[in-house]
file structure.txt (compact mmCIF, C-alpha atoms)
# COMPACT_ATOMS: atom_id res chain seq x y z
CA MET U 845 -18.15 -22.61 -17.30
CA LYS U 846 -21.29 -22.16 -15.20
CA VAL U 847 -24.24 -20.09 -16.38
CA GLU U 848 -24.08 -17.97 -13.22
CA ASP U 849 -20.61 -16.87 -14.21
CA LEU U 850 -21.99 -15.22 -17.33
CA ILE U 851 -24.10 -12.19 -18.03
CA SER U 852 -25.86 -11.68 -21.31
CA THR U 853 -24.84 -8.67 -23.36
CA GLU U 854 -28.54 -7.85 -23.78
CA ASP U 855 -28.84 -7.49 -20.02
CA LEU U 856 -25.75 -5.31 -19.95
CA CYS U 857 -27.21 -3.02 -22.60
CA VAL U 858 -30.40 -2.55 -20.61
CA ARG U 859 -28.85 -2.16 -17.19
CA TYR U 860 -25.98 0.09 -18.19
CA GLN U 861 -27.72 1.89 -21.04
CA VAL U 862 -25.09 1.06 -23.60
CA GLU U 863 -25.35 -0.13 -27.18
CA GLN U 864 -24.57 -3.69 -28.30
CA GLN U 865 -22.12 -2.10 -30.70
CA PHE U 866 -20.10 -0.74 -27.78
CA ILE U 867 -19.77 -4.22 -26.23
CA ARG U 868 -18.80 -5.73 -29.58
CA ALA U 869 -16.20 -3.01 -30.08
CA LEU U 870 -14.69 -3.88 -26.69
CA ASP U 871 -14.58 -7.50 -27.80
CA ASP U 872 -12.97 -6.56 -31.12
CA LYS U 873 -10.25 -4.67 -29.29
CA GLY U 874 -9.67 -7.65 -26.99
CA ILE U 875 -10.67 -5.65 -23.91
CA ILE U 876 -13.44 -8.05 -22.96
CA GLU U 877 -14.38 -11.38 -24.47
CA ILE U 878 -17.82 -12.21 -25.75
CA LYS U 879 -18.85 -15.84 -25.31
CA ARG U 880 -21.54 -17.26 -27.57
CA VAL U 881 -23.83 -19.88 -26.05
CA GLU U 882 -26.84 -21.11 -28.02
CA HIS U 883 -26.99 -18.02 -30.23
CA ARG U 884 -26.83 -15.67 -27.27
CA GLU U 885 -23.90 -13.48 -26.36
CA TYR U 886 -22.45 -13.24 -22.86
CA ILE U 887 -19.47 -11.86 -21.05
CA LEU U 888 -17.87 -13.36 -17.96
CA LEU U 889 -19.04 -11.79 -14.69
CA ASP U 890 -15.37 -11.37 -13.80
CA GLN U 891 -15.08 -8.92 -16.67
CA ILE U 892 -17.74 -6.59 -15.35
CA ASN U 893 -15.24 -4.37 -13.57
CA GLU U 894 -13.35 -3.82 -16.79
CA PHE U 895 -16.58 -3.34 -18.71
CA GLU U 896 -17.75 -0.72 -16.19
CA ARG U 897 -14.42 1.07 -16.33
CA MET U 898 -14.50 1.20 -20.14
CA ARG U 899 -18.10 2.35 -20.01
CA ARG U 900 -17.12 5.25 -17.77
CA PHE U 901 -14.26 6.22 -20.07
CA TYR U 902 -16.44 6.08 -23.16
CA TYR U 903 -19.74 7.50 -21.97
CA GLU U 904 -18.70 9.82 -19.15
CA LEU U 905 -15.22 10.98 -20.07
CA HIS U 906 -16.10 10.85 -23.79
CA LEU U 907 -12.97 8.98 -24.82
CA ASN U 908 -13.23 7.31 -28.22
CA MET U 909 -12.59 3.62 -28.85
CA GLU U 910 -9.00 4.17 -29.98
CA SER U 911 -8.27 6.17 -26.83
CA LEU U 912 -9.64 3.33 -24.68
CA GLU U 913 -6.91 1.04 -25.94
CA VAL U 914 -4.23 3.63 -25.28
CA VAL U 915 -5.54 4.51 -21.81
CA ARG U 916 -5.85 0.87 -20.90
CA HIS U 917 -2.31 0.18 -22.03
CA LEU U 918 -1.00 3.12 -19.99
CA LEU U 919 -3.01 2.11 -16.93
CA ASP U 920 -1.57 -1.41 -17.15
CA LYS U 921 1.84 0.20 -17.31
CA ILE U 922 1.09 2.36 -14.25
CA GLU U 923 -0.10 -0.72 -12.37
CA GLY U 924 3.11 -2.55 -13.26
CA LEU U 925 5.22 0.40 -12.16
CA GLN U 926 3.29 0.71 -8.90
CA LEU U 927 3.89 -2.96 -8.17
CA GLU U 928 7.56 -2.54 -8.97
CA LYS U 929 7.75 0.53 -6.74
CA GLN U 930 6.14 -1.40 -3.88
CA ARG U 931 8.58 -4.28 -4.38
CA LEU U 932 11.52 -1.87 -4.28
CA LEU U 933 10.14 -0.09 -1.21
CA ASN U 934 9.81 -3.45 0.51
CA ARG U 935 13.42 -4.23 -0.39
CA LEU U 936 14.54 -0.87 0.97
CA ARG U 937 12.92 -1.63 4.31
CA ARG U 938 15.66 -4.21 4.79
CA TYR U 939 18.24 -1.44 5.01
CA GLU U 940 16.29 0.87 7.31
CA MET N 831 -14.16 22.98 9.13
CA SER N 832 -12.91 25.45 6.53
CA TYR N 833 -14.44 27.32 3.65
CA ILE N 834 -13.89 25.79 0.21
CA ASP N 835 -13.63 28.12 -2.76
CA TYR N 836 -15.53 26.09 -5.34
CA TYR N 837 -14.70 28.59 -8.10
CA LYS N 838 -11.03 28.05 -7.44
CA VAL N 839 -11.52 24.28 -7.40
CA LEU N 840 -13.06 24.44 -10.87
CA GLY N 841 -10.66 27.15 -12.02
CA VAL N 842 -13.40 29.53 -13.18
CA SER N 843 -14.24 33.14 -12.35
CA ARG N 844 -17.15 34.09 -10.10
CA SER N 845 -19.03 35.33 -13.16
CA ALA N 846 -18.58 32.06 -15.10
CA THR N 847 -21.60 30.92 -17.12
CA SER N 848 -23.08 27.47 -16.63
CA ASP N 849 -21.47 26.38 -19.91
CA GLU N 850 -18.07 27.51 -18.69
CA ILE N 851 -18.59 25.62 -15.45
CA LYS N 852 -19.62 22.47 -17.30
CA LYS N 853 -16.59 22.72 -19.58
CA ALA N 854 -14.18 23.34 -16.71
CA TYR N 855 -15.65 20.39 -14.79
CA ARG N 856 -15.26 18.01 -17.73
CA LYS N 857 -11.72 19.13 -18.37
CA LYS N 858 -10.64 18.68 -14.77
CA ALA N 859 -12.56 15.41 -14.36
CA ARG N 860 -10.62 13.91 -17.25
CA LYS N 861 -7.44 14.70 -15.41
CA LEU N 862 -8.49 13.67 -11.91
CA HIS N 863 -10.91 10.78 -12.49
CA PRO N 864 -10.03 7.93 -10.09
CA ASP N 865 -10.03 5.42 -12.95
CA LEU N 866 -7.18 7.36 -14.50
CA ASN N 867 -5.30 7.76 -11.22
CA PRO N 868 -5.28 4.33 -9.63
CA ASP N 869 -4.27 4.25 -5.96
CA ASP N 870 -3.71 8.01 -5.93
CA LYS N 871 -5.48 9.25 -2.82
CA GLU N 872 -4.63 12.87 -3.52
CA ALA N 873 -6.24 12.68 -6.98
CA GLN N 874 -9.28 11.00 -5.45
CA ARG N 875 -9.60 13.72 -2.82
CA LYS N 876 -9.33 16.42 -5.48
CA PHE N 877 -11.86 14.61 -7.67
CA GLN N 878 -14.37 14.49 -4.83
CA GLU N 879 -13.81 18.19 -4.21
CA LEU N 880 -14.32 18.81 -7.92
CA ASN N 881 -17.59 16.86 -7.93
CA GLU N 882 -18.73 18.80 -4.92
CA ALA N 883 -17.85 22.12 -6.58
CA ASN N 884 -19.76 21.07 -9.67
CA LYS N 885 -22.80 20.00 -7.65
CA VAL N 886 -22.97 23.42 -6.09
CA LEU N 887 -22.06 25.71 -8.97
CA SER N 888 -24.10 23.93 -11.63
CA ASP N 889 -27.26 24.17 -9.53
CA PRO N 890 -28.59 27.77 -9.73
CA GLU N 891 -30.21 27.60 -6.29
CA LYS N 892 -27.15 26.20 -4.55
CA ARG N 893 -24.87 28.57 -6.38
CA LYS N 894 -26.98 31.52 -5.24
CA LYS N 895 -26.80 30.37 -1.66
CA TYR N 896 -23.10 29.71 -1.92
CA ASP N 897 -22.41 33.12 -3.50
CA GLN N 898 -24.39 34.84 -0.79
CA TYR N 899 -23.04 32.99 2.20
CA GLY N 900 -20.00 31.00 1.03
CA ALA N 901 -17.34 32.44 3.32
CA ASN N 902 -19.95 33.13 6.00
CA TRP N 903 -21.44 29.65 5.84
CA GLU N 904 -22.29 29.78 9.54
CA HIS N 905 -25.18 32.14 8.72
CA ALA N 906 -26.48 30.10 5.80
CA GLU N 907 -29.51 28.86 7.75
CA HIS N 908 -31.04 32.35 7.33
CA TYR N 909 -31.12 31.63 3.63
CA ASP N 910 -33.09 28.44 4.15
CA GLN N 911 -35.58 30.20 6.39
CA ALA N 912 -36.13 32.89 3.77
CA GLN N 913 -36.58 30.25 1.09
CA GLN N 914 -39.11 28.31 3.15
CA GLN N 915 -41.25 31.42 3.46
CA ARG N 916 -41.69 31.41 -0.28
CA ALA N 917 -44.69 29.59 -1.65
CA GLY N 918 -43.62 26.04 -2.30
CA ARG N 919 -40.16 24.95 -3.00
CA ARG N 920 -39.09 24.47 -6.58
CA ALA N 921 -38.13 20.93 -7.32
CA HIS N 922 -34.70 20.35 -8.69
CA ALA N 923 -35.44 18.97 -12.08
CA ASP N 924 -32.12 19.97 -13.61
CA GLN N 925 -30.14 17.01 -14.77
CA GLN N 926 -26.57 17.53 -13.81
CA GLN N 927 -23.72 15.55 -15.12
CA ALA N 928 -21.68 13.75 -12.53
CA TYR N 929 -19.05 11.12 -13.02
CA SER N 930 -19.23 7.74 -11.43
CA GLY N 931 -16.39 5.44 -10.71
CA SER N 932 -14.34 3.51 -8.29
CA TYR N 933 -14.58 5.98 -5.46
CA ASP N 934 -16.95 6.71 -2.64
CA GLU N 935 -19.61 8.87 -4.22
CA ASP N 936 -21.15 9.67 -0.86
CA THR N 937 -18.19 11.47 0.59
CA PHE N 938 -18.66 15.20 0.99
CA SER N 939 -16.75 17.82 2.89
CA ASP N 940 -18.01 19.02 6.25
CA PHE N 941 -18.40 22.43 4.63
CA PHE N 942 -20.79 21.03 2.01
CA GLU N 943 -22.77 19.05 4.60
CA GLN N 944 -23.12 22.08 6.84
CA MET N 945 -24.25 24.36 4.08
CA PHE N 946 -26.50 22.11 2.03
CA GLY N 947 -27.30 19.22 4.34
CA ALA N 948 -27.05 15.50 3.72
CA SER N 949 -30.14 15.49 1.50
CA ALA N 950 -28.27 17.64 -1.03
CA ARG N 951 -26.12 14.63 -1.89
CA GLN N 952 -28.87 13.20 -3.98
CA TYR N 953 -29.03 16.11 -6.39
CA GLY N 954 -26.85 15.84 -9.39
CA ARG N 955 -25.93 12.21 -8.90
CA GLY N 956 -24.69 10.63 -12.07
CA GLN N 957 -27.31 8.87 -14.12
CA THR N 958 -25.31 5.70 -13.88
CA SER N 959 -27.47 2.63 -13.86
CA TYR N 960 -25.68 0.39 -11.43
CA PHE N 961 -25.97 -3.35 -11.61
CA LYS N 962 -22.94 -4.83 -9.93
CA GLY N 963 -22.61 -3.78 -6.31
CA GLN N 964 -20.08 -1.20 -5.23
CA ASP N 965 -16.54 -2.40 -4.65
CA TYR N 966 -15.27 -1.70 -1.16
CA HIS N 967 -11.68 -0.77 -0.42
CA ALA N 968 -10.15 -1.29 2.99
CA GLU N 969 -6.73 -1.25 4.56
CA LEU N 970 -5.56 -3.79 7.07
CA ARG N 971 -2.53 -3.50 9.33
CA VAL N 972 -1.02 -6.82 10.27
CA PRO N 973 2.10 -7.65 12.28
CA LEU N 974 4.81 -9.61 10.49
CA SER N 975 4.66 -12.26 13.20
CA GLY N 976 0.93 -12.66 12.50
CA ILE N 977 1.31 -13.66 8.86
CA TYR N 978 3.81 -16.44 9.30
CA ARG N 979 0.84 -18.78 9.22
CA ASP N 980 -2.59 -18.46 7.59
CA GLN N 981 -4.68 -16.34 9.90
CA GLN N 982 -8.42 -16.34 10.40
CA GLN N 983 -9.81 -12.90 11.00
CA THR N 984 -13.21 -11.29 11.23
CA LEU N 985 -13.48 -7.82 9.76
CA THR N 986 -16.32 -5.39 9.93
CA VAL N 987 -16.72 -3.61 6.62
CA ASN N 988 -19.64 -1.17 6.28
CA GLY N 989 -21.34 -2.80 9.26
CA LYS N 990 -21.05 -6.27 7.78
CA LYS N 991 -18.95 -8.95 9.43
CA ILE N 992 -16.67 -10.75 7.04
CA ARG N 993 -14.65 -13.80 7.99
CA LEU N 994 -11.54 -14.26 5.99
CA THR N 995 -8.29 -16.13 5.96
CA ILE N 996 -5.23 -13.98 5.55
CA PRO N 997 -2.82 -16.14 3.60
CA ALA N 998 0.62 -16.58 5.13
CA GLY N 999 3.35 -14.64 3.36
CA VAL N 1000 1.22 -11.71 2.25
CA GLU N 1001 3.43 -8.79 1.20
CA ASN N 1002 3.46 -5.26 2.53
CA GLY N 1003 1.32 -3.13 0.17
CA GLN N 1004 -0.27 -6.18 -1.44
CA LYS N 1005 -3.88 -5.87 -2.49
CA ILE N 1006 -6.16 -8.87 -2.54
CA ARG N 1007 -9.67 -9.14 -3.90
CA ILE N 1008 -12.35 -10.90 -1.91
CA LYS N 1009 -15.03 -11.72 -4.37
CA GLY N 1010 -18.62 -10.85 -3.59
CA GLN N 1011 -17.93 -9.08 -0.28
CA GLY N 1012 -18.63 -5.58 -1.57
CA GLY N 1013 -21.96 -3.78 -1.75
CA PRO N 1014 -25.10 -5.59 -2.86
CA GLY N 1015 -25.93 -5.62 -6.55
CA VAL N 1016 -28.94 -3.87 -8.00
CA GLN N 1017 -31.79 -5.90 -9.51
CA ASP N 1018 -30.19 -9.31 -9.03
CA GLY N 1019 -26.81 -7.96 -10.03
CA PRO N 1020 -23.72 -9.54 -8.50
CA HIS N 1021 -22.26 -8.19 -5.27
CA GLY N 1022 -19.25 -5.94 -5.55
CA ASP N 1023 -15.87 -7.09 -4.34
CA LEU N 1024 -13.82 -6.17 -1.32
CA TYR N 1025 -10.27 -5.01 -2.01
CA LEU N 1026 -7.99 -5.31 0.97
CA THR N 1027 -4.59 -3.65 1.05
CA PHE N 1028 -2.22 -5.05 3.63
CA PHE N 1029 0.27 -3.00 5.57
CA VAL N 1030 2.72 -5.29 7.28
CA GLU N 1031 4.30 -3.85 10.40
CA ASN N 1032 7.52 -5.47 11.47
CA ASP N 1033 7.26 -6.47 15.12
CA THR N 1034 10.30 -8.76 14.97
CA ASP N 1035 14.06 -8.35 14.71
CA PHE N 1036 14.07 -10.00 11.30
CA LYS N 1037 14.22 -8.02 8.09
CA ARG N 1038 12.13 -9.39 5.28
CA GLU N 1039 12.59 -9.30 1.55
CA GLY N 1040 9.93 -11.37 -0.17
CA GLU N 1041 10.18 -14.85 1.27
CA ASN N 1042 13.70 -14.40 2.59
CA LEU N 1043 14.50 -13.22 6.08
CA TYR N 1044 17.63 -11.47 7.27
CA LYS N 1045 18.98 -11.15 10.75
CA GLU N 1046 22.15 -9.96 12.42
CA VAL N 1047 23.65 -12.30 14.95
CA ALA N 1048 26.28 -11.19 17.43
CA ILE N 1049 29.05 -13.65 18.26
CA ASP N 1050 31.86 -13.12 20.73
CA LEU N 1051 35.48 -12.72 19.63
CA TYR N 1052 36.52 -16.14 20.86
CA THR N 1053 33.78 -17.98 18.97
CA ALA N 1054 34.63 -15.95 15.86
CA ILE N 1055 38.29 -16.94 16.10
CA LEU N 1056 38.06 -20.46 17.42
CA GLY N 1057 34.63 -21.47 16.11
CA GLY N 1058 31.89 -22.92 18.23
CA GLU N 1059 28.21 -23.53 18.58
CA ILE N 1060 25.55 -20.87 19.00
CA ARG N 1061 21.78 -20.86 19.32
CA VAL N 1062 19.80 -18.69 16.95
CA GLN N 1063 16.15 -17.76 17.17
CA THR N 1064 14.37 -18.40 13.86
CA PHE N 1065 10.71 -17.75 13.16
CA ASP N 1066 9.77 -21.27 14.18
CA GLY N 1067 12.04 -21.72 17.16
CA LEU N 1068 15.65 -22.00 18.30
CA VAL N 1069 18.23 -23.72 16.13
CA LYS N 1070 21.78 -24.77 16.94
CA LEU N 1071 24.39 -23.50 14.56
CA LYS N 1072 28.08 -24.25 14.15
CA VAL N 1073 30.28 -21.22 13.64
CA LYS N 1074 33.41 -21.91 11.60
CA PRO N 1075 36.74 -20.93 13.12
CA GLY N 1076 37.97 -17.58 11.73
CA THR N 1077 34.50 -16.14 11.05
CA ASP N 1078 34.72 -12.47 10.14
CA SER N 1079 32.29 -9.75 11.09
CA GLY N 1080 29.89 -9.38 8.16
CA ALA N 1081 30.15 -13.05 7.14
CA GLN N 1082 26.80 -14.43 6.03
CA VAL N 1083 25.31 -17.90 6.33
CA LYS N 1084 22.13 -19.18 4.77
CA LEU N 1085 19.69 -21.40 6.61
CA LYS N 1086 17.70 -23.01 3.84
CA GLY N 1087 13.97 -23.21 4.40
CA LYS N 1088 14.06 -21.15 7.58
CA GLY N 1089 12.73 -17.99 5.97
CA PHE N 1090 9.19 -16.73 5.45
CA PRO N 1091 6.35 -18.68 3.83
CA LYS N 1092 5.93 -18.20 0.10
CA TYR N 1093 2.59 -16.57 -0.64
CA LYS N 1094 -0.03 -19.17 -1.57
CA LYS N 1095 2.57 -21.93 -1.82
CA LYS N 1096 1.73 -24.09 1.12
CA GLY N 1097 4.70 -25.62 2.89
CA GLU N 1098 7.29 -23.69 0.87
CA LEU N 1099 9.54 -21.36 2.77
CA GLY N 1100 12.26 -18.94 1.81
CA ASP N 1101 15.68 -18.84 3.43
CA LEU N 1102 17.05 -17.14 6.50
CA TYR N 1103 20.28 -15.20 6.03
CA LEU N 1104 22.32 -14.57 9.13
CA THR N 1105 25.00 -11.92 9.19
CA TYR N 1106 27.55 -12.25 11.96
CA THR N 1107 28.69 -9.28 13.96
CA VAL N 1108 31.74 -9.96 16.08
CA ARG N 1109 31.37 -8.43 19.52
CA LEU N 1110 34.65 -7.32 21.04
CA PRO N 1111 35.20 -7.88 24.75
CA LYS N 1112 34.82 -4.68 26.80
CA HIS N 1113 36.38 -3.62 30.13
CA LEU N 1114 39.42 -5.87 29.84
CA SER N 1115 41.16 -6.87 33.02
CA ALA N 1116 44.92 -6.38 33.41
CA LYS N 1117 45.46 -10.07 32.82
CA GLU N 1118 43.39 -10.02 29.62
CA LYS N 1119 45.26 -7.00 28.31
CA GLU N 1120 48.53 -8.75 29.01
CA LEU N 1121 47.38 -11.82 27.10
CA PHE N 1122 46.27 -9.73 24.13
CA HIS N 1123 49.70 -8.05 24.10
CA GLU N 1124 51.27 -11.48 24.08
CA LEU N 1125 49.08 -12.49 21.14
CA LYS N 1126 50.00 -9.32 19.31
CA GLN N 1127 53.65 -10.02 19.74
CA LEU N 1128 53.22 -13.55 18.51
CA ARG N 1129 51.60 -12.21 15.32
CA SER N 1130 54.23 -9.56 14.60

call {"tool": "encode", "arguments": {"input": "structure.txt", "output": "structure tokens"}}
result
Amino acid sequence: MKVEDLISTEDLCVRYQVEQQFIRALDDKGIIEIKRVEHREYILLDQINEFERMRRFYYELHLNMESLEVVRHLLDKIEGLQLEKQRLLNRLRRYE
Amino acid sequence: MSYIDYYKVLGVSRSATSDEIKKAYRKKARKLHPDLNPDDKEAQRKFQELNEANKVLSDPEKRKKYDQYGANWEHAEHYDQAQQQRAGRRAHADQQQAYSGSYDEDTFSDFFEQMFGASARQYGRGQTSYFKGQDYHAELRVPLSGIYRDQQQTLTVNGKKIRLTIPAGVENGQKIRIKGQGGPGVQDGPHGDLYLTFFVENDTDFKREGENLYKEVAIDLYTAILGGEIRVQTFDGLVKLKVKPGTDSGAQVKLKGKGFPKYKKKGELGDLYLTYTVRLPKHLSAKEKELFHELKQLRS
């Protein structure tokens, strides 16, 4: 894992105006994963999208932590159904 | 360009207080937020309309102008002239709440632009501190024949030229992420990503289902009955094929490895399924009719 693939949680707190506690709670719920390197905490840059999305749910839409898990689960389900729908639509094209 | 009833968009009365407007906005935003309605363009359009309504109705000055001229927006410039005659213009210090998210926050209706001007966009922006650049979303139409092999293409997204390789076998409706090709990050933040959705248009006579291809092949009656050799066009050229004697219309044969490339599995191809359609001879001559009668009698 390269250093440039990580972003420190301290940086995240400053740039997104969130509390450390919020990031840890996301980690506890398995939504993002905190990596510890030399006593500092980081998340993978690839997880920023998910972090931003959770931040919007929590701070802008005022969903609580428990709701985040539920919403995330339902969104995953929607994504799965959309993929399935697309697959079926593509199959249907064969009979058009 | 048509008039937009912002009160209707928010579902509040014309006499609604600022608290009622704020409450209505929050309630509707929770329903329509793009994060909660992935890939739903209608929800995104409504959400942008909602944001616009909130920008106008939660700003006393804009609301006043809207109430006065709303339906008669063409005359709204009189309002601006009257305002400019006043001593100094009051700065908009009000902090409005606006939601951020995976949508284009700079999209406003023509009605809004006409009435409040492009500079009005800045007011009431969310207080989101961005770090990672904005993700871009684009749609790309590609012909089926063009994605049989990896294809190099140069796209222009937001004025920036991006060279990319479209992998062979991409599916219709498939979305791929091109890392770092979105908007620039803020304060050394990473670039956003580019999300490309492919729409595959079939410009061939093959039907595709995943990596398998399907095609109807017409054979004449005599080949169907007696068997024979035909030539069939596959995606990578003509192939010779033996037709078994007594082949029925609707019979299917599989040509292994003659289908479509498997996505991101170099060198692996699906199968080609051919369905035979027996073509009956038309405009029979007297001699042919006589021979068919003879055949009929032999069979009965």

call {"tool": "residues_around", "arguments": {"input": "structure.txt", "residues": "U:Glu928", "least_positions_apart": "6", "cutoff": "12 Å", "atoms": "only C-alpha atoms", "output": "PyMOL selection string"}}
result
(chain U and resi 921-922+934-935) or (chain N and resi 1003-1004)

call {"tool": "closest_residue", "arguments": {"input": "structure.txt", "among": "U:Ile867, U:Val862, U:Val881, U:Met909", "to": "chain N", "atoms": "all atoms listed in the file"}}
result
U:Val862

call {"tool": "closest_atom_pairs", "arguments": {"input": "structure.txt", "of": "chain U", "to": "chain N", "cutoff": "7 Å", "atoms": "only C-alpha atoms", "output": "tab-separated table"}}
result
residue	atom	partner	partner_atom	distance
U:Arg859	CA	N:Ser959	CA	6.0
U:Tyr860	CA	N:Ser959	CA	5.2
U:Glu904	CA	N:Tyr929	CA	6.3
U:Leu905	CA	N:Arg860	CA	6.1
U:Gln930	CA	N:Gly1003	CA	6.5
U:Asn934	CA	N:Glu1039	CA	6.6
U:Arg935	CA	N:Glu1039	CA	5.5
U:Arg938	CA	N:Lys1037	CA	5.2

call {"tool": "residues_around", "arguments": {"input": "structure.txt", "residues": "N:Ile834", "least_positions_apart": "2", "cutoff": "9 Å", "atoms": "all atoms listed in the file", "output": "list in words"}}
result
Ser832, Tyr836, Tyr837, Lys838, Val839, Glu879, Ala883, Gly900, Ala901, Ser939, Phe941 and Phe942 of chain N

call {"tool": "write_last_selection", "arguments": {"input": "structure.txt", "atoms": "C-alpha atoms", "output": "compact mmCIF listing (two decimals), in the frame of the given file"}}
result
# COMPACT_ATOMS: atom_id res chain seq x y z
CA SER N 832 -12.91 25.45 6.53
CA TYR N 836 -15.53 26.09 -5.34
CA TYR N 837 -14.70 28.59 -8.10
CA LYS N 838 -11.03 28.05 -7.44
CA VAL N 839 -11.52 24.28 -7.40
CA GLU N 879 -13.81 18.19 -4.21
CA ALA N 883 -17.85 22.12 -6.58
CA GLY N 900 -20.00 31.00 1.03
CA ALA N 901 -17.34 32.44 3.32
CA SER N 939 -16.75 17.82 2.89
CA PHE N 941 -18.40 22.43 4.63
CA PHE N 942 -20.79 21.03 2.01

call {"tool": "atom_distance", "arguments": {"input": "structure.txt", "atom1": "atom CA of N:Thr1077", "atom2": "atom CA of N:Asp1033"}}
result
29.2 Å

call {"tool": "atom_distance", "arguments": {"input": "structure.txt", "atom1": "atom CA of U:Asp890", "atom2": "atom CA of U:Ile851"}}
result
9.7 Å

call {"tool": "closest_residue", "arguments": {"input": "structure.txt", "among": "U:Met898, U:Ile887, U:Leu912, U:Leu907", "to": "U:Asp855", "atoms": "only C-alpha atoms"}}
result
U:Ile887

call {"tool": "residues_near_point", "arguments": {"input": "structure.txt", "point": "(18.4, -18.5, 1.7)", "cutoff": "12 Å", "atoms": "all atoms listed in the file", "output": "ChimeraX atom specification"}}
result
/N:1038-1045,1082-1090,1099-1105
